[in-house]
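Structure data follow from protein17.cif (mmCIF, C-alpha atoms):
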```
data_target
loop_
_atom_site.label_atom_id
_atom_site.label_comp_id
_atom_site.auth_asym_id
_atom_site.auth_seq_id
_atom_site.Cartn_x
_atom_site.Cartn_y
_atom_site.Cartn_z
CA MET A 1 -6.19 -11.22 -23.30
CA ASN A 2 -8.00 -14.49 -24.00
CA TRP A 3 -10.56 -15.96 -21.58
CA ASP A 4 -7.97 -18.15 -19.81
CA GLY A 5 -5.71 -15.16 -19.39
CA GLU A 6 -8.54 -13.08 -17.92
CA LYS A 7 -9.46 -15.88 -15.51
CA GLN A 8 -5.86 -16.24 -14.46
CA ALA A 9 -5.43 -12.49 -13.92
CA LEU A 10 -8.63 -12.40 -11.86
CA LYS A 11 -7.48 -15.37 -9.77
CA LEU A 12 -4.12 -13.72 -9.19
CA LYS A 13 -5.85 -10.48 -8.17
CA GLU A 14 -8.13 -12.31 -5.71
CA GLU A 15 -5.22 -14.24 -4.21
CA THR A 16 -3.16 -11.09 -3.80
CA GLU A 17 -6.02 -9.20 -2.18
CA LYS A 18 -6.61 -12.14 0.17
CA LYS A 19 -2.95 -12.18 1.16
CA ALA A 20 -2.76 -8.44 1.66
CA LYS A 21 -5.83 -7.35 3.57
CA PRO A 22 -5.70 -3.73 4.75
CA GLU A 23 -5.12 -4.80 8.36
CA SER A 24 -1.97 -6.64 7.31
CA ILE A 25 -0.32 -3.34 6.37
CA HIS A 26 2.21 -2.56 9.04
CA LEU A 27 4.70 0.19 9.57
CA VAL A 28 8.31 -0.83 9.35
CA GLU A 29 10.55 0.96 11.79
CA ASN A 30 14.22 1.80 11.46
CA ILE A 31 14.15 1.68 7.75
CA GLY A 32 17.02 4.01 7.27
CA GLU A 33 18.71 7.26 7.90
CA ASP A 34 16.59 9.30 5.56
CA LYS A 35 14.21 11.21 7.84
CA GLY A 36 12.08 12.26 4.89
CA LEU A 37 11.10 8.68 4.24
CA LYS A 38 9.75 7.93 7.69
CA LYS A 39 6.30 9.11 6.71
CA PHE A 40 6.29 6.68 3.83
CA GLN A 41 6.91 3.39 5.53
CA LYS A 42 4.02 1.78 3.77
CA TYR A 43 6.07 2.00 0.57
CA LYS A 44 8.84 -0.35 -0.49
CA THR A 45 10.05 1.58 -3.51
CA ILE A 46 9.87 5.28 -4.26
CA PHE A 47 10.96 6.83 -7.53
CA LYS A 48 11.23 10.58 -7.99
CA CYS A 49 10.96 11.66 -11.58
CA SER A 50 10.92 14.86 -13.57
CA TYR A 51 10.91 16.26 -17.03
CA THR A 52 11.81 19.78 -18.06
CA GLU A 53 11.38 20.97 -21.59
CA VAL A 54 14.59 22.18 -23.17
CA LYS A 55 14.37 24.41 -26.21
CA GLU A 56 16.97 23.31 -28.73
CA MET B 57 -3.80 -3.26 -14.91
CA GLN B 58 -6.52 -1.05 -13.53
CA ILE B 59 -7.00 2.38 -12.03
CA VAL B 60 -8.25 1.96 -8.46
CA SER B 61 -8.74 5.68 -7.87
CA LEU B 62 -7.81 9.05 -9.25
CA SER B 63 -7.88 12.16 -7.07
CA PHE B 64 -6.48 15.66 -6.89
CA GLY B 65 -5.05 17.56 -3.95
CA ARG B 66 -1.95 19.03 -2.41
CA PHE B 67 -1.09 15.87 -0.46
CA ALA B 68 0.96 18.11 1.81
CA GLU B 69 2.67 15.16 3.47
CA LEU B 70 4.64 14.70 0.26
CA SER B 71 6.36 18.06 0.43
CA ASP B 72 9.03 16.74 2.83
CA LEU B 73 9.92 13.97 0.47
CA ASP B 74 9.95 15.53 -2.93
CA ILE B 75 11.85 18.74 -3.36
CA PHE B 76 10.80 18.84 -6.99
CA PHE B 77 7.10 19.33 -6.31
CA ARG B 78 6.34 22.99 -6.66
CA HIS B 79 4.21 24.36 -3.86
CA SER B 80 1.81 26.18 -6.17
CA PHE B 81 0.97 23.11 -8.24
CA LEU B 82 -1.95 20.79 -7.78
CA ARG B 83 -1.08 17.09 -7.59
CA LEU B 84 -2.72 14.07 -9.10
CA LYS B 85 -2.80 10.85 -7.08
CA LEU B 86 -3.37 7.75 -9.14
CA VAL B 87 -3.72 4.41 -7.37
CA LEU B 88 -2.88 1.61 -9.75
CA ASP B 89 -3.16 -2.18 -9.50
CA ILE B 90 -1.05 -4.21 -11.88
CA PHE B 91 -1.72 -7.88 -12.57
CA VAL B 92 0.12 -9.86 -15.20
CA PRO B 93 -0.65 -13.60 -15.52
CA GLU B 94 2.44 -15.59 -14.56
CA ASP B 95 2.49 -17.60 -17.76
CA LYS B 96 2.20 -14.49 -19.90
CA GLY B 97 5.00 -12.31 -18.58
CA PHE B 98 6.23 -9.26 -20.43
CA ASP B 99 9.30 -7.96 -22.19
CA PHE B 100 9.96 -4.59 -20.61
CA GLU B 101 12.58 -3.54 -23.11
CA ARG B 102 10.20 -4.25 -25.96
CA ILE B 103 7.43 -2.28 -24.22
CA TYR B 104 9.76 0.65 -23.65
CA LYS B 105 10.95 0.67 -27.28
CA LYS B 106 7.36 0.67 -28.54
CA LEU B 107 6.50 3.59 -26.31
CA ILE B 108 9.47 5.66 -27.44
CA CYS B 109 7.78 5.94 -30.86
CA PHE B 110 4.85 7.69 -29.19
CA PHE B 111 6.79 9.50 -26.46
CA PRO B 112 10.23 10.44 -27.83
CA ASN B 113 10.82 12.79 -24.90
CA LEU B 114 10.82 9.84 -22.47
CA GLN B 115 14.53 9.59 -23.20
CA LYS B 116 15.05 13.05 -21.72
CA HIS B 117 13.31 12.31 -18.43
CA LYS B 118 15.26 12.09 -15.21
CA CYS B 119 14.64 9.98 -12.16
CA TRP B 120 16.04 8.99 -8.82
CA GLY B 121 15.03 6.05 -6.68
CA HIS B 122 14.71 5.18 -3.02
CA LEU B 123 14.42 1.53 -2.21
CA LEU B 124 13.22 0.64 1.23
CA GLY B 125 14.38 -2.88 1.92
CA GLY B 126 13.90 -3.95 -1.66
CA SER B 127 16.12 -5.42 -4.31
CA LEU B 128 18.92 -3.53 -6.02
CA PHE B 129 18.45 -1.65 -9.23
CA ASN B 130 18.80 -3.80 -12.25
CA GLU B 131 22.35 -3.24 -13.38
CA GLU B 132 21.62 -4.71 -16.78
CA ARG B 133 19.25 -1.90 -17.60
CA LYS B 134 21.68 0.98 -17.67
CA ASP B 135 20.54 1.77 -21.20
CA LEU B 136 17.21 2.99 -19.82
CA PRO B 137 17.00 6.72 -19.04
CA PHE B 138 15.31 5.95 -15.73
CA GLN B 139 15.77 3.63 -12.78
CA SER B 140 14.72 0.02 -13.16
CA VAL B 141 14.16 -2.64 -10.53
CA GLY B 142 12.45 -5.20 -12.74
CA GLY B 143 9.00 -6.75 -12.54
CA ILE B 144 5.71 -4.88 -12.44
CA THR B 145 7.32 -1.98 -10.54
CA ASP B 146 8.92 -0.96 -13.82
CA LEU B 147 5.49 -0.93 -15.50
CA ALA B 148 4.00 1.37 -12.85
CA HIS B 149 7.05 3.59 -13.06
CA LEU B 150 6.78 3.76 -16.83
CA VAL B 151 3.09 4.71 -16.59
CA GLU B 152 4.12 7.63 -14.38
CA HIS B 153 6.66 8.79 -16.98
CA MET B 154 3.99 8.49 -19.69
CA ILE B 155 1.61 10.68 -17.70
CA ILE B 156 4.34 13.28 -17.14
CA ASP B 157 5.12 13.23 -20.85
CA LEU B 158 1.48 13.47 -21.93
CA GLN B 159 0.90 16.44 -19.66
CA SER B 160 3.95 18.14 -21.13
CA THR B 161 2.86 17.41 -24.69
CA VAL B 162 -0.89 18.00 -24.46
CA GLY B 163 -1.09 20.44 -21.57
CA GLN B 164 2.07 22.33 -22.52
CA MET B 165 3.63 21.90 -19.08
CA LYS B 166 7.20 23.15 -19.36
CA SER B 167 8.23 21.10 -16.38
CA CYS B 168 6.57 18.27 -14.47
CA SER B 169 7.60 16.04 -11.57
CA GLY B 170 6.19 12.85 -10.14
CA LEU B 171 6.60 9.97 -7.72
CA THR B 172 5.94 6.25 -8.12
CA CYS B 173 5.53 4.49 -4.78
CA GLY B 174 5.30 0.71 -4.53
CA TYR B 175 3.58 -0.73 -1.45
CA GLN B 176 5.42 -2.90 1.07
CA ASP B 177 2.67 -5.46 1.40
CA LEU B 178 0.29 -4.92 -1.47
CA VAL B 179 2.79 -6.06 -4.04
CA ASN B 180 0.55 -5.25 -6.99
CA ARG B 181 -0.43 -1.75 -5.83
CA PHE B 182 1.26 1.56 -6.62
CA ASP B 183 0.55 5.18 -5.71
CA LEU B 184 1.57 7.67 -8.38
CA PHE B 185 1.77 11.35 -7.39
CA ILE B 186 2.22 13.78 -10.26
CA GLU B 187 2.16 17.55 -10.54
CA CYS B 188 -0.60 18.90 -12.75
CA GLU B 189 -1.90 22.19 -14.06
CA ASP B 190 -5.19 21.08 -15.55
CA ARG B 191 -7.37 18.33 -14.08
CA ARG B 192 -8.86 17.44 -17.45
CA VAL B 193 -5.43 16.97 -19.04
CA ALA B 194 -4.22 15.00 -16.02
CA THR B 195 -7.26 12.70 -16.12
CA PHE B 196 -6.90 12.17 -19.87
CA SER B 197 -3.17 11.51 -19.52
CA SER B 198 -3.77 8.92 -16.81
CA ASN B 199 -6.52 7.16 -18.74
CA LEU B 200 -4.54 7.11 -21.98
CA ALA B 201 -1.28 5.95 -20.34
CA VAL B 202 -3.04 3.04 -18.60
CA LYS B 203 -4.98 2.12 -21.75
CA MET B 204 -1.78 2.06 -23.84
CA MET B 205 0.11 0.02 -21.27
CA LYS B 206 -2.76 -2.49 -21.03
CA GLU B 207 -2.77 -2.88 -24.79
CA LEU B 208 0.99 -3.39 -24.87
CA LEU B 209 0.75 -6.07 -22.21
CA LEU B 210 -2.06 -7.89 -24.00
CA LYS B 211 -1.17 -7.46 -27.66
CA GLU B 212 2.52 -6.48 -27.50
CA THR B 213 1.83 -3.80 -30.08
CA LEU B 214 0.22 -0.36 -30.15
CA SER B 215 -2.23 1.08 -32.62
CA PHE B 216 -1.09 4.20 -34.49
CA GLU B 217 -4.47 5.67 -33.55
CA TYR B 218 -3.01 6.61 -30.15
CA SER B 219 -0.75 9.18 -31.74
CA LYS B 220 -3.85 10.70 -33.33
CA SER B 221 -5.56 10.89 -29.94
CA ILE B 222 -2.53 12.70 -28.53
CA GLN B 223 -2.35 15.06 -31.51
CA LEU B 224 -6.05 15.95 -31.36
CA ALA B 225 -5.95 16.53 -27.60
CA LYS B 226 -2.93 18.79 -28.07
CA TYR B 227 -4.71 20.84 -30.75
CA LEU B 228 -7.93 21.13 -28.77
CA TYR B 229 -6.14 22.13 -25.59
CA ALA B 230 -4.33 24.92 -27.42
CA GLU B 231 -7.33 25.98 -29.51
CA PRO B 232 -10.59 24.68 -28.01
CA GLU B 233 -12.63 26.78 -30.44
CA LEU B 234 -11.52 24.43 -33.24
CA LEU B 235 -14.12 21.97 -32.02
CA SER B 236 -16.89 24.30 -33.21
CA SER B 237 -15.90 23.65 -36.84
CA LEU B 238 -15.18 20.02 -37.63
CA ASN B 239 -14.44 20.87 -41.27
CA ARG B 240 -11.76 23.34 -40.27
CA LEU B 241 -10.36 20.97 -37.70
CA SER B 242 -10.18 18.02 -40.11
CA GLN B 243 -8.45 20.27 -42.67
CA LYS B 244 -5.96 21.49 -40.10
CA LEU B 245 -5.13 17.95 -39.06
CA GLY B 246 -5.25 16.57 -42.62
CA TRP B 247 -7.67 13.84 -41.53
CA GLN B 248 -10.85 12.49 -43.02
CA LYS B 249 -13.92 13.70 -41.15
CA GLU B 250 -14.77 10.09 -40.21
CA ASP B 251 -11.36 9.72 -38.55
CA LEU B 252 -11.92 12.94 -36.68
CA VAL B 253 -15.30 11.81 -35.39
CA LEU B 254 -13.76 8.52 -34.19
CA GLN B 255 -11.01 10.40 -32.36
CA ILE B 256 -13.49 12.81 -30.78
CA LYS B 257 -15.36 9.77 -29.44
CA GLU B 258 -12.05 8.42 -28.12
CA LEU B 259 -11.32 11.72 -26.35
CA ILE B 260 -14.77 11.56 -24.77
CA SER B 261 -14.12 8.03 -23.50
CA LEU B 262 -10.74 9.13 -22.11
CA LYS B 263 -12.46 12.04 -20.31
CA PHE B 264 -10.60 14.74 -22.21
CA LEU B 265 -13.80 15.98 -23.79
CA THR B 266 -16.50 16.16 -21.18
CA LYS B 267 -20.21 16.71 -21.66
CA GLU B 268 -19.86 20.11 -19.99
CA PHE B 269 -17.03 21.04 -22.36
CA LEU B 270 -19.02 20.01 -25.42
CA LEU B 271 -22.11 21.92 -24.30
CA SER B 272 -20.19 25.06 -23.49
CA ASN B 273 -18.77 27.57 -25.92
CA PRO B 274 -15.25 26.13 -26.39
CA GLY B 275 -13.87 29.56 -27.27
CA LYS B 276 -14.63 30.79 -23.78
CA ARG B 277 -12.76 27.91 -22.20
CA ARG B 278 -9.33 28.77 -23.48
CA GLY B 279 -6.88 28.57 -20.63
CA LYS B 280 -9.54 27.62 -18.08
CA LYS B 281 -8.25 25.10 -15.58
#
```

Serialized structure, structure tokens:
Amino acid sequence: MNWDGEKQALKLKEETEKKAKPESIHLVENIGEDKGLKKFQKYKTIFKCSYTEVKE
Amino acid sequence: MQIVSLSFGRFAELSDLDIFFRHSFLRLKLVLDIFVPEDKGFDFERIYKKLICFFPNLQKHKCWGHLLGGSLFNEERKDLPFQSVGGITDLAHLVEHMIIDLQSTVGQMKSCSGLTCGYQDLVNRFDLFIECEDRRVATFSSNLAVKMMKELLLKETLSFEYSKSIQLAKYLYAEPELLSSLNRLSQKLGWQKEDLVLQIKELISLKFLTKEFLLSNPGKRRGKK
């Protein structure tokens, strides 16, 4: 990344951190039927992934 | 892109969510911040195709997604073997798949599961939870995956040297005693000794080879977690 790119990335990081201070994290209620997800209301997206080796 | 923290534990609260996590396995939690300058952007398809050269097994991975109030999956990306929602979420998700793949390749894990969780409010932050058998391999895999992704974002290409790092780590995990004879190791790999020394330095910087490991008798460390 060139110097301008680094400056821009740093600025973006600072702005994002300013916007999303820890105290602004809130729990969203009634997010859905899935009971298992209720503990994870701080997350917007959750992907479950796996890989199992298959001998060919 | 930067690693905010890397820790190990059971993270028992996850057991309700992910039926794929095996109870007996330790888990890695990697907190990742991803920042891409707006004017730079990235071509995800191009990034994915570059990575396939280094991680051919990525195409055999499986994944499922839960979206909590977010956008729909990107219907145009059905060619990808995993779920895609677009934007930096796809980058974090791909890093998780890379770590799973590296642990399978280097650490000989026959099976490995993981989660990528994107925050509601911290739009650039992601928590990655991944099963692991060996902390050293998990740390190396995380460091290497993030380093490769950063390079792809900045240069849009990847050095072939990364495949050498993966190959050397794989050899040394399986046969740590090889490190006691650089001549034998360079012969086995078919590399010049200078290349081998460079790659050993790389494995030190990626925390695969630790000071403790180098000072100990590698032969005694076989299989030690």

Run through the PyMOL selection byres ((chain B and resi 167) around 9) on the given coordinates and return the selected residues as a VMD selection string. (chain A and resid 50 to 53) or (chain B and resid 156 160 164 to 166 168 to 169)

List the neighbours of segment 253-265 of chain B out to 7 Å using only C-alpha atoms; skip same-chain residues closer than 4 positions along the sequence, and give me the result as a PyMOL selection string. chain B and resi 192-193+195-196+199-200+221+249+269-270

Write out, as an mmCIF file, keeping the file's coordinate frame, the residues just selected, with C-alpha atoms.
```cif
data_model
loop_
_atom_site.group_PDB
_atom_site.id
_atom_site.type_symbol
_atom_site.label_atom_id
_atom_site.label_comp_id
_atom_site.auth_asym_id
_atom_site.auth_seq_id
_atom_site.Cartn_x
_atom_site.Cartn_y
_atom_site.Cartn_z
ATOM 1 C CA ARG B 192 -8.860 17.440 -17.450
ATOM 2 C CA VAL B 193 -5.430 16.970 -19.040
ATOM 3 C CA THR B 195 -7.260 12.700 -16.120
ATOM 4 C CA PHE B 196 -6.900 12.170 -19.870
ATOM 5 C CA ASN B 199 -6.520 7.160 -18.740
ATOM 6 C CA LEU B 200 -4.540 7.110 -21.980
ATOM 7 C CA SER B 221 -5.560 10.890 -29.940
ATOM 8 C CA LYS B 249 -13.920 13.700 -41.150
ATOM 9 C CA PHE B 269 -17.030 21.040 -22.360
ATOM 10 C CA LEU B 270 -19.020 20.010 -25.420
#
```

So, with all atoms listed in the file as the atoms that count, which of B:Leu158, B:Leu208, B:Leu86, B:Ile144 lies closest to Phe111 of chain B?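 Smallest separation from Phe111 of chain B among the options: B:Leu158.
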
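With only C-alpha atoms as the atoms that count, the minimum distance from chain A to the choices B:Ala230, B:Ile59, B:Val179, B:Val87 is reached by B:Val179.
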
Apply the PyMOL selection byres ((chain A and resi 44) around 6) to the structure shown and report the selected residues as a PDB file with C-alpha atoms, in the coordinates of the input.
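What landed in out-v1.pdb:
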```pdb
ATOM      1  CA  TYR A  43       6.070   2.000   0.570  1.00  0.00           C
ATOM      2  CA  THR A  45      10.050   1.580  -3.510  1.00  0.00           C
TER       3      THR A  45
ATOM      4  CA  LEU B 124      13.220   0.640   1.230  1.00  0.00           C
ATOM      5  CA  GLY B 174       5.300   0.710  -4.530  1.00  0.00           C
ATOM      6  CA  TYR B 175       3.580  -0.730  -1.450  1.00  0.00           C
ATOM      7  CA  GLN B 176       5.420  -2.900   1.070  1.00  0.00           C
TER       8      GLN B 176
END
```

Evaluate the PyMOL selection byres ((chain B and resi 98) around 12) on the structure here and hand back the selected residues as a list in words.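 In the shown coordinates, the PyMOL selection byres ((chain B and resi 98) around 12) covers Phe91, Val92, Pro93, Glu94, Asp95, Lys96, Gly97, Asp99, Phe100, Glu101, Arg102, Ile103, Tyr104, Gly142, Gly143, Ile144, Asp146, Leu147, Met205, Lys206, Glu207, Leu208, Leu209, Leu210, Lys211, Glu212 and Thr213 of chain B.
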
In terms of the shortest atom-to-atom distance over all atoms listed in the file, which of B:Thr145, B:Leu171, B:Ser80, B:Ser61 is closest to chain A? B:Leu171

Which of these residues is nearest to Gly170 of chain B, using all atoms listed in the file: A:Glu14, A:Gln8, A:Val54, A:Ile46?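 Distance minimum relative to Gly170 of chain B lands on A:Ile46.
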
Of the candidates B:Asp177, B:Glu217, B:Asp89, B:Asp183, which shows the shortest atom-to-atom distance to Phe47 of chain A, using all atoms listed in the file?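 For Phe47 of chain A, the nearest of the given residues is B:Asp183.
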
So the first atom is atom CA of Leu62 of chain B and the second is atom CA of Leu234 of chain B; what is the distance between them in Å, to one decimal place? 28.7 Å

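Across B:Arg191, B:His117, B:Arg66, B:Lys106, the tightest approach to chain A is made by B:His117 when counting all atoms listed in the file.
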
For atom CA of Tyr229 of chain B and atom CA of Gln243 of chain B, the interatomic separation in Å (one decimal):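 So the two atoms, atom CA of Tyr229 of chain B and atom CA of Gln243 of chain B, lie 17.3 Å apart.
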
Listed atoms of segment 244-262 of chain B boxed axis-aligned with 5 Å per side, centre + edges as AutoDock Vina command-line options:
```
--center_x -10.2 --center_y 14.8 --center_z -32.6 --size_x 20.2 --size_y 23.5 --size_z 30.9
```

Two-atom distance - atom CA of Val162 of chain B, atom CA of Asp190 of chain B (Å):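 Straight-line distance from atom CA of Val162 of chain B to atom CA of Asp190 of chain B works out to 10.4 Å.
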